[in-house]
Amino acid sequence: MEIRPIFSTILRNPVGLVLIGLQVALTLAIVVNALHIIGTRLDNMRASAGIDENNVLMISSTAFSVDDKPLDIARTDLDYLRSLPGVVNAMAVNTLPMTGSGWSTQVEAAEDPDSHDIATAIYFADETLVETLGLDLIAGRPFRAGEVTPFSMDDNLRPPVVIASAAAVLDLFPDLERPEDALGRLIWNGDENDRAASEIIGIVDGIKAPWRGFSVKIFDHVTFVPHIPTFDKSARYAIRSEAGQLDKLAGNVREQLAAQNLRRVVGEPRTFPEVRERFLRGDKSMAVMLIAVVVLLLLVNVLGIVGLVSFWVTQRTKQIGTRRALGATRGNILRYFLIENALITSVGVLLGAVLAMALSNWLASEFSVHRLPWYYLAYGAALLNALGLFATCLPALRAAGIAPAIATRSV
Amino acid sequence: MLSMQDLSKVYRTHLVETHALREFSIHVEEGEFVAVTGPSGSGKTTFMNIAGLLEEHSGGRYQLDGVEVSGLSDRERSAMRNEKLGFIFQGFNLIPDLNLFDNVDVPLRYRGFGAKERKLRIERALEQVGLGSRARHYPAELSGGQQQRVAIARALAGEPRILLADEPTGNLDSAMARAVMEILEGINAAGTTIIMVTHDPELAARARRNVHIIDGQVTDLQSSFADSALGVSAPRESAA
């Protein structure tokens, strides 16, 4: 192998090393971080909301009569909705996963307000929640009817019992080996003069919050509280249809519900697939845009290498002819350029790895995204090395085709 | 050692057909020092290119060291150039980004010698041309004559059967040219066959045998030199 003389040639003429090396380094740094973000977005797009997505819809109702009591409307509507053919169950909710808006609060692992805390999304639910949403209750029990109470805007959130997501309890209680072990534990909230505890009676797996966390990933700290929301005269219902009946239900439920009480406005029903599509539209756009950026960068990288190596081949035509005259085979010439490019690309990759980590750390500190996993760097380095070799092949093959007789030409 | 019989070389474009060599025959024995002369465009370089396996001939026979070269693959021709031939070019053709050691090393690497063997050969070849102490210098740091001596060292390091020199002193002043010529004579005296293309009648006269080429054919030397009226001593032997 003629690595040493090739490397010393590169060092004698460092312009190529600087140009291609920097190009490769910047490309690697940007591409791996972009791929990491794309990966996170694709994870979001693949992620389950933790409910029976294909059979749930949400519909809202806003009454305008002063005579109607919100709780009465809710109970009447729920009785009616549950009686409709094709409906598995229904309950009043404040929000659903992936809707983009909802409630959150901070809960602590102990009575001391300074103890370990987490932020969690709050979902209102009644005793039908497991059936209405199709939840995966991995431990404990659903709410009992007697535990469910009305909740107005003036009330403080003080539920005696809650059902929490597995992700939330594992983060709140780092000592737990399994989320199921959180059953019976208390979570605390409120300020230091007004502490209240809620017992965890159920653990749900896979449920997502209505929004993303700071890390771009969809937030998965969720707590269900046993309340029927009665905010002014507005109500929002989650309805689960029997399998395959969602579209039919969505087509009729608005008129059916409106017909029960004419003193209100019933909103357009939103099926969960629509909610999800709208929520992930941004992820899709971002992924498409970043993929375009990555492809463009890699293309520029390839073209840059093709351009520079072509220039070198032209510049070194006589030298290549001389090497051929001295006994180099076409394979020797091809290998020379491939090794030269691999060396330069490797220097760029090393520099790029440092830049990529620096960029990742900056993104992590500024935007709370997760740090770049090492394997992104490994794949990125392999990709850029492969592309470098591919880009070098064309001009290198031209170099290998240079006739040895060039050595005796005076120009 | 080198034998060409009725060799021809035709360059063709879609418009023109040029006969660079026609019925060209020459036989060079082992240990000879042959000077090849002729006017510009006569076919000297074509002869050198074909003799050095840098180009293929169009017709006729060419045997090099007992091997018929027609039909050899590109890889076989490369191996033959590397093992049997040494080249000295008019423009030295050193690689500017390699120091002298690495320049001399180029053909040895293609030969597949180990590092120790190569080092021995490189040091010996550079010593032979008087540049042993400058192995780590770069070509740009040397005079033209010194660069040509490096090129000679590069050609010698592989211990070729034939040294092909294409106007080896063409870019040198007369003092340097004499020095290079003395080295070549020493190499020939040690047994290496040398074929040298030159425009310089004085240098040609120092070769043991002269070959004159006109219009792609070997011609009678005596009359060619008499016609040219250069006032130099005539070659001692006519072409084969």
# chains A, B, ... in the order shown; residues from 1 in each chain; ligands from 1
>>> select_by_dssp(residues="stretch 156-325 of chain A", states="helix (DSSP H, G or I)", output="PyMOL selection string")
chain A and resi 166-172+179-182+246-260+272-315+317-325
>>> select_by_dssp(residues="stretch 13-222 of chain B", states="strand (DSSP E)", output="number ranges by chain")
B: 17-28, 33-37, 59-64, 67-68, 85-88, 162-166, 193-197, 209-214, 217-219
>>> residues_around(residues="B:Gly144", least_positions_apart="6", cutoff="12 Å", atoms="only C-alpha atoms", output="PyMOL selection string")
chain B and resi 90-94+150-151+168-177+179-180
>>> write_last_selection(atoms="all heavy atoms", output="tab-separated table (two decimals), in the first residue's frame")
chain	number	residue	atom	x	y	z
B	90	GLN	N	13.00	13.40	-21.41
B	90	GLN	CA	13.61	14.70	-21.64
B	90	GLN	C	13.26	15.68	-20.51
B	90	GLN	O	14.10	16.42	-20.03
B	90	GLN	CB	13.14	15.27	-22.98
B	90	GLN	CG	13.74	16.63	-23.30
B	90	GLN	CD	13.30	17.13	-24.68
B	90	GLN	OE1	12.55	16.47	-25.39
B	90	GLN	NE2	13.77	18.30	-25.05
B	91	GLY	N	11.99	15.65	-20.09
B	91	GLY	CA	11.55	16.60	-19.05
B	91	GLY	C	11.68	16.02	-17.64
B	91	GLY	O	11.02	16.51	-16.72
B	92	PHE	N	12.46	14.99	-17.48
B	92	PHE	CA	12.76	14.32	-16.19
B	92	PHE	C	11.55	13.53	-15.65
B	92	PHE	O	11.70	12.46	-15.11
B	92	PHE	CB	13.25	15.29	-15.10
B	92	PHE	CG	14.13	16.40	-15.62
B	92	PHE	CD1	13.96	17.71	-15.20
B	92	PHE	CD2	15.15	16.13	-16.54
B	92	PHE	CE1	14.77	18.73	-15.69
B	92	PHE	CE2	15.97	17.14	-17.03
B	92	PHE	CZ	15.77	18.46	-16.61
B	93	ASN	N	10.35	14.16	-15.76
B	93	ASN	CA	9.12	13.50	-15.30
B	93	ASN	C	9.19	13.02	-13.86
B	93	ASN	O	8.71	11.93	-13.53
B	93	ASN	CB	8.75	12.33	-16.22
B	93	ASN	CG	8.30	12.79	-17.59
B	93	ASN	OD1	8.67	13.88	-18.03
B	93	ASN	ND2	7.51	11.99	-18.26
B	94	LEU	N	9.80	13.83	-13.00
B	94	LEU	CA	9.76	13.48	-11.57
B	94	LEU	C	8.42	13.96	-11.01
B	94	LEU	O	7.80	14.87	-11.57
B	94	LEU	CB	10.91	14.17	-10.84
B	94	LEU	CG	12.31	13.74	-11.28
B	94	LEU	CD1	13.37	14.54	-10.54
B	94	LEU	CD2	12.53	12.25	-11.04
B	150	VAL	N	18.33	12.08	-10.82
B	150	VAL	CA	17.33	11.36	-10.01
B	150	VAL	C	16.52	10.43	-10.91
B	150	VAL	O	16.23	9.27	-10.56
B	150	VAL	CB	16.38	12.35	-9.28
B	150	VAL	CG1	15.31	11.58	-8.51
B	150	VAL	CG2	17.15	13.26	-8.36
B	151	ALA	N	16.15	10.96	-12.10
B	151	ALA	CA	15.37	10.14	-13.04
B	151	ALA	C	16.18	8.91	-13.44
B	151	ALA	O	15.62	7.81	-13.61
B	151	ALA	CB	15.00	10.97	-14.26
B	168	PRO	N	17.66	12.69	-23.25
B	168	PRO	CA	17.95	12.82	-21.82
B	168	PRO	C	18.67	14.12	-21.47
B	168	PRO	O	18.66	14.53	-20.30
B	168	PRO	CB	18.81	11.60	-21.51
B	168	PRO	CG	19.44	11.24	-22.82
B	168	PRO	CD	18.44	11.59	-23.86
B	169	THR	N	19.30	14.74	-22.47
B	169	THR	CA	20.05	15.97	-22.17
B	169	THR	C	19.40	17.17	-22.84
B	169	THR	O	19.96	18.26	-22.83
B	169	THR	CB	21.50	15.84	-22.65
B	169	THR	OG1	21.48	15.62	-24.08
B	169	THR	CG2	22.21	14.69	-21.97
B	170	GLY	N	18.21	16.96	-23.41
B	170	GLY	CA	17.55	18.01	-24.19
B	170	GLY	C	17.27	19.27	-23.39
B	170	GLY	O	17.22	20.36	-23.95
B	171	ASN	N	17.07	19.12	-22.10
B	171	ASN	CA	16.73	20.30	-21.28
B	171	ASN	C	17.92	20.75	-20.43
B	171	ASN	O	17.73	21.48	-19.45
B	171	ASN	CB	15.55	19.98	-20.36
B	171	ASN	CG	14.24	19.97	-21.11
B	171	ASN	OD1	14.22	20.25	-22.31
B	171	ASN	ND2	13.16	19.64	-20.42
B	172	LEU	N	19.12	20.30	-20.77
B	172	LEU	CA	20.27	20.60	-19.91
B	172	LEU	C	21.32	21.42	-20.67
B	172	LEU	O	21.42	21.33	-21.91
B	172	LEU	CB	20.92	19.29	-19.44
B	172	LEU	CG	20.00	18.31	-18.71
B	172	LEU	CD1	20.76	17.04	-18.36
B	172	LEU	CD2	19.43	18.95	-17.45
B	173	ASP	N	22.09	22.22	-19.91
B	173	ASP	CA	23.19	22.91	-20.58
B	173	ASP	C	24.30	21.91	-20.87
B	173	ASP	O	24.27	20.75	-20.42
B	173	ASP	CB	23.68	24.10	-19.73
B	173	ASP	CG	24.24	23.68	-18.40
B	173	ASP	OD1	24.83	22.58	-18.32
B	173	ASP	OD2	24.07	24.43	-17.41
B	174	SER	N	25.32	22.34	-21.60
B	174	SER	CA	26.28	21.37	-22.10
B	174	SER	C	27.06	20.69	-20.98
B	174	SER	O	27.35	19.49	-21.06
B	174	SER	CB	27.24	22.04	-23.10
B	174	SER	OG	27.83	23.18	-22.47
B	175	ALA	N	27.38	21.42	-19.93
B	175	ALA	CA	28.15	20.81	-18.83
B	175	ALA	C	27.32	19.72	-18.15
B	175	ALA	O	27.81	18.61	-17.90
B	175	ALA	CB	28.54	21.89	-17.82
B	176	MET	N	26.08	20.06	-17.90
B	176	MET	CA	25.20	19.07	-17.25
B	176	MET	C	24.97	17.90	-18.19
B	176	MET	O	24.90	16.74	-17.76
B	176	MET	CB	23.87	19.72	-16.89
B	176	MET	CG	23.95	20.62	-15.67
B	176	MET	SD	22.32	21.25	-15.27
B	176	MET	CE	22.70	22.23	-13.83
B	177	ALA	N	24.81	18.21	-19.48
B	177	ALA	CA	24.57	17.15	-20.47
B	177	ALA	C	25.74	16.18	-20.47
B	177	ALA	O	25.56	14.96	-20.51
B	177	ALA	CB	24.38	17.76	-21.85
B	179	ALA	N	27.77	15.55	-18.04
B	179	ALA	CA	27.76	14.77	-16.79
B	179	ALA	C	26.76	13.62	-16.88
B	179	ALA	O	27.05	12.48	-16.50
B	179	ALA	CB	27.42	15.69	-15.62
B	180	VAL	N	25.58	13.93	-17.43
B	180	VAL	CA	24.56	12.88	-17.57
B	180	VAL	C	25.05	11.82	-18.53
B	180	VAL	O	24.88	10.62	-18.30
B	180	VAL	CB	23.22	13.52	-18.04
B	180	VAL	CG1	22.25	12.45	-18.54
B	180	VAL	CG2	22.59	14.31	-16.91
>>> interface_residues(of="chain A", to="chain B", cutoff="12 Å", atoms="only C-alpha atoms", output="ChimeraX atom specification")
/A:1-14,316-333,335-336,400-411
>>> closest_residue(among="B:Val28, B:Met1, B:Leu100, B:Ala20", to="B:Arg209", atoms="only C-alpha atoms")
B:Val28
>>> residues_around(residues="A:Ala139", least_positions_apart="2", cutoff="8 Å", atoms="only C-alpha atoms", output="list in words")
Leu137, Arg141, Glu180, Leu183, Gly202, Ile203 and Val204 of chain A
>>> atom_distance(atom1="atom CA of B:Ile195", atom2="atom CA of B:Ser3")
12.5 Å
>>> atom_distance(atom1="atom CA of A:Ala292", atom2="atom CA of A:Gly16")
27.1 Å
>>> residues_around(residues="stretch 122-132 of chain B", least_positions_apart="5", cutoff="8 Å", atoms="only C-alpha atoms", output="MDAnalysis selection string")
chainID B and resid 101 104:105 146 149:150 152:154 156:157 183
>>> residues_around(residues="A:Gly380", least_positions_apart="3", cutoff="10 Å", atoms="only C-alpha atoms", output="mmCIF file with N, CA and C atoms, in the first residue's frame")
data_model
loop_
_atom_site.group_PDB
_atom_site.id
_atom_site.type_symbol
_atom_site.label_atom_id
_atom_site.label_comp_id
_atom_site.auth_asym_id
_atom_site.auth_seq_id
_atom_site.Cartn_x
_atom_site.Cartn_y
_atom_site.Cartn_z
ATOM 1 N N THR A 27 -20.649 18.669 5.903
ATOM 2 C CA THR A 27 -21.747 17.806 5.451
ATOM 3 C C THR A 27 -22.084 16.776 6.525
ATOM 4 N N LEU A 28 -21.046 16.150 7.081
ATOM 5 C CA LEU A 28 -21.294 15.120 8.101
ATOM 6 C C LEU A 28 -22.014 15.725 9.303
ATOM 7 N N ALA A 29 -21.501 16.879 9.772
ATOM 8 C CA ALA A 29 -22.075 17.497 10.972
ATOM 9 C C ALA A 29 -23.557 17.820 10.764
ATOM 10 N N VAL A 31 -25.591 16.644 8.220
ATOM 11 C CA VAL A 31 -26.402 15.497 7.782
ATOM 12 C C VAL A 31 -26.780 14.584 8.955
ATOM 13 N N VAL A 32 -25.814 14.280 9.827
ATOM 14 C CA VAL A 32 -26.162 13.331 10.911
ATOM 15 C C VAL A 32 -27.161 13.957 11.887
ATOM 16 N N ASN A 33 -27.006 15.252 12.144
ATOM 17 C CA ASN A 33 -27.976 15.889 13.047
ATOM 18 C C ASN A 33 -29.347 15.988 12.383
ATOM 19 N N LEU A 35 -30.450 13.905 10.107
ATOM 20 C CA LEU A 35 -30.999 12.547 10.090
ATOM 21 C C LEU A 35 -31.553 12.166 11.460
ATOM 22 N N VAL A 349 -14.046 13.370 7.924
ATOM 23 C CA VAL A 349 -15.002 12.665 8.784
ATOM 24 C C VAL A 349 -14.640 12.854 10.266
ATOM 25 N N GLY A 352 -15.528 16.263 11.085
ATOM 26 C CA GLY A 352 -16.990 16.333 11.047
ATOM 27 C C GLY A 352 -17.623 15.707 12.277
ATOM 28 N N ALA A 353 -17.011 14.640 12.792
ATOM 29 C CA ALA A 353 -17.557 13.986 13.985
ATOM 30 C C ALA A 353 -17.502 14.940 15.177
ATOM 31 N N TRP A 374 -24.374 7.640 19.073
ATOM 32 C CA TRP A 374 -23.097 7.401 18.383
ATOM 33 C C TRP A 374 -23.281 6.747 17.032
ATOM 34 N N TYR A 375 -24.323 5.880 16.916
ATOM 35 C CA TYR A 375 -24.432 5.134 15.665
ATOM 36 C C TYR A 375 -24.807 6.028 14.487
ATOM 37 N N TYR A 376 -25.392 7.192 14.756
ATOM 38 C CA TYR A 376 -25.642 8.129 13.654
ATOM 39 C C TYR A 376 -24.311 8.573 13.050
ATOM 40 N N LEU A 377 -23.322 8.814 13.928
ATOM 41 C CA LEU A 377 -21.995 9.224 13.450
ATOM 42 C C LEU A 377 -21.352 8.096 12.641
ATOM 43 N N LEU A 383 -21.401 6.460 5.248
ATOM 44 C CA LEU A 383 -22.103 7.002 4.075
ATOM 45 C C LEU A 383 -21.202 7.969 3.315
ATOM 46 N N LEU A 384 -20.549 8.883 4.041
ATOM 47 C CA LEU A 384 -19.713 9.881 3.363
ATOM 48 C C LEU A 384 -18.478 9.243 2.740
ATOM 49 N N ASN A 385 -17.928 8.237 3.407
ATOM 50 C CA ASN A 385 -16.788 7.533 2.810
ATOM 51 C C ASN A 385 -17.214 6.825 1.526
ATOM 52 N N ALA A 386 -18.378 6.173 1.583
ATOM 53 C CA ALA A 386 -18.862 5.459 0.395
ATOM 54 C C ALA A 386 -19.144 6.448 -0.734
#
>>> closest_residue(among="A:Val225, A:Ala250, A:Leu157, A:Asn89", to="A:Arg144", atoms="only C-alpha atoms")
A:Val225
>>> closest_residue(among="A:Ile118, A:Ala209, A:Leu19, A:Ala399", to="A:Ser48", atoms="only C-alpha atoms")
A:Ala209
>>> residues_around(residues="A:Leu389", least_positions_apart="2", cutoff="8 Å", atoms="only C-alpha atoms", output="mmCIF file with N, CA and C atoms, in the first residue's frame")
data_model
loop_
_atom_site.group_PDB
_atom_site.id
_atom_site.type_symbol
_atom_site.label_atom_id
_atom_site.label_comp_id
_atom_site.auth_asym_id
_atom_site.auth_seq_id
_atom_site.Cartn_x
_atom_site.Cartn_y
_atom_site.Cartn_z
ATOM 1 N N LEU A 338 -8.429 6.482 -5.316
ATOM 2 C CA LEU A 338 -9.392 6.058 -4.295
ATOM 3 C C LEU A 338 -8.783 6.177 -2.894
ATOM 4 N N ASN A 341 -8.545 9.841 -1.961
ATOM 5 C CA ASN A 341 -9.835 10.377 -1.522
ATOM 6 C C ASN A 341 -10.239 9.832 -0.166
ATOM 7 N N ALA A 342 -9.980 8.536 0.048
ATOM 8 C CA ALA A 342 -10.360 7.937 1.338
ATOM 9 C C ALA A 342 -9.611 8.616 2.480
ATOM 10 N N ASN A 385 -17.928 8.237 3.407
ATOM 11 C CA ASN A 385 -16.788 7.533 2.810
ATOM 12 C C ASN A 385 -17.214 6.825 1.526
ATOM 13 N N ALA A 386 -18.378 6.173 1.583
ATOM 14 C CA ALA A 386 -18.862 5.459 0.395
ATOM 15 C C ALA A 386 -19.144 6.448 -0.734
ATOM 16 N N LEU A 387 -19.788 7.574 -0.399
ATOM 17 C CA LEU A 387 -20.086 8.567 -1.435
ATOM 18 C C LEU A 387 -18.798 9.158 -2.001
ATOM 19 N N ALA A 391 -17.870 9.097 -5.790
ATOM 20 C CA ALA A 391 -17.623 10.339 -6.540
ATOM 21 C C ALA A 391 -16.239 10.326 -7.191
ATOM 22 N N THR A 392 -15.292 9.648 -6.535
ATOM 23 C CA THR A 392 -13.929 9.606 -7.076
ATOM 24 C C THR A 392 -13.823 8.648 -8.257
ATOM 25 N N CYS A 393 -14.708 7.642 -8.276
ATOM 26 C CA CYS A 393 -14.593 6.581 -9.287
ATOM 27 C C CYS A 393 -14.563 7.114 -10.715
#
>>> atom_distance(atom1="atom CA of A:Trp211", atom2="atom CA of A:Thr99")
7.0 Å
